[in-house]
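A.B. asks: Mind looking over this structure? Questions follow.
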Amino acid sequence: MLEKDNHIFEKTVVVGIVTQNQDEEKLREYLDELEFLTFTAGGEVIKRFWQKMDKPNPKTFVGSGKLEEIKCFVKENEISTVIFDDELSPSQQKNINREFGDDCKVLDRTNLILDIFAQRAQTSYARTQVELAQYQYLLPRLTGMWTHLERQRGGIGMRGPGETEIETDRRIVRDRIALLKDKIKTIDKQMAIQRGNRGAMVRVALVGYTNVGKSTLMNAIGKSDVFVENKLFATLDTTVRKTVIKNLPFLLSDTVGFIRKLPTQLVESFKSTLDEVREADLLLHVVDISHPDFEDHIASVNDILKEIKSDDKPTIMVFNKIDAYKPVYFDEDNLEIEKESKHYTLDEWKSTWMSKMGENNALFISATDKLNFEEFREKVYEAVREIHVTRFPYNKFLYPDYKDAVDNE
């Protein structure tokens with residue numbers, strides 16, 4: 001354990017591989033993200049290990065020599081946790097656990113994200129979704145491990161004749177999964193009724209990668225008080241607020257952030273939370289332009305939107321944190337080096353994305369410093385008004401500013 005600024009961190013190491021599909025630069029990006037995930041979960045990364053391979057070793061993910069090197073480092077430096085960047089198969093997890101013994105925990109990226117979600121879940125609904133994802137992850141990994149899950153409902157009388165401990169565990173987990181699914185269905189029905197009770201008001205959803213500033217933006221637009229922190233997955237529960245711009249009201253929702261290599265169990269469990277996205281009339285896709293991998297983040301978010309069948313909705317790209325953006329220095333006189341996107345100035349990015357999305361569908365702002373904020377509010381107002389006019393063609397006298405705007409056209 002390490003202590004920094006009165007916080008205790010677990011000493012960890014992270015492990016990744018360079019393959020045909022993942023070069024060294026991409027691995028570095030993923031390990032940077034894994035390190036931030038580890039920090040969010042309460043760990044301090046002491047060292048990174050990586051290896052070049054055609055594909056992961058089916059038994060131990062990395063080669064036997066690399067595994068031995070990691071074991072020696074773990075023992076010498078009293079490391080408590082080893083985290084692998086990709087999801088380990090049940091057999092890999094079992095074999096690696098055997099190698100490291102009981103003194104060192106072995107986690108993969110999925111397990112780490114599930115742990116962060118478990119820490120962050122505040123409401124009964126979020127806790128139920130996370131617990132379901134954890135059990136779905138655990139079920140195929142029960143082989144060879146006795147987790148004493150029978151204590152949750154008593155072992156006596158629960159075992160059939162000749163039934164092994166592992167079979168008992170599996171049955172308990174399956175029963176728990178079924179129970180949690182029923183509980184989620186019940187809450188989903190209640191939430192569907194709540195959404196129905198909101199009437200036909202225009203719905204706007206903030207979507208984006210985790211830690212891009214969605215909650216900060218929501219606080220700035222709606223003057224609401226949504227939890228904000230510079231860690232991953234600060235928001236798990238969808239927050240919906242009634243927001244008014246120029247006397248035109250609409251519903252604004254802040255949703256859970258997405259991430260690359262998002263565990264399938266979480267996508268499944270949180271699909272109901274993402275109903276706010278599915279039912280939205282307009283998406284504000286928030287992007288942290290100061291992050292070097294922001295274009296990858298956009299692609300990851302678009303993939304998940306496609307998965308939940310929400311990729312065809314009207315969307316405004318909101319490039320946030322322009323106050324923190326710094327291009328990598330580029331020497332214009334050096335003809336040997338070709339200019340890449342990392343060298344782009346903010347103006348160059350603006351022209352690039354505005355030509356891609358159309359000028360009205362790309363905005364560049366800072367939610368914390370309120371840079372270009374009036375322009376942002378104006379464009380959101382215009383987009384909401386366009387939907388509102390379609391939905392309420394004879395309802396223009398409800399909002400004075402809105403009436404004047406329509407009468408002047």
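For the structure tokens, the naming scheme is as follows: chains receive sequential letters (A, B, ...) according to their order of presentation, residues are indexed from 1 within each chain, and ligands are indexed from 1 in presentation order.
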At a cut-off of 9 Å, using only C-alpha atoms, what residues contact range 204-221 of chain A? Leave out same-chain residues fewer than 5 positions from it and give the result as a PyMOL selection string.
C.D. replies: chain A and resi 226-235+240-241+243-245+250-260+276-277+279-289+291+294+297-298+300-302+320-321+366-368+370+377+384
A.B. asks: Tell me, in Å to one decimal, how far CA of Val18 in chain A is from CA of Lys52 in chain A.
C.D. replies: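 Value for the CA of Val18 in chain A-CA of Lys52 in chain A distance: 4.6 Å.
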A.B. asks: Pick out the closest residue to Asp303 in chain A from this set: A:Lys261, A:Gln51, A:Met317, A:Asn111. Count only C-alpha atoms.
C.D. replies: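 Smallest distance to Asp303 in chain A is found for A:Lys261.
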A.B. asks: Restricting the calculation to only C-alpha atoms, which member of A:Asp85, A:Phe364, A:Thr168, A:Asp311 is positioned closest to Glu29 in chain A?
C.D. replies: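 Answer, going by the shortest atom-to-atom distance: A:Asp85.
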A.B. asks: With distances taken over only C-alpha atoms, which residue among A:Arg109, A:Cys104, A:Ala133, A:Glu69 lies nearest Leu31 in chain A?
C.D. replies: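 Closest to Leu31 in chain A of all the choices is A:Arg109.
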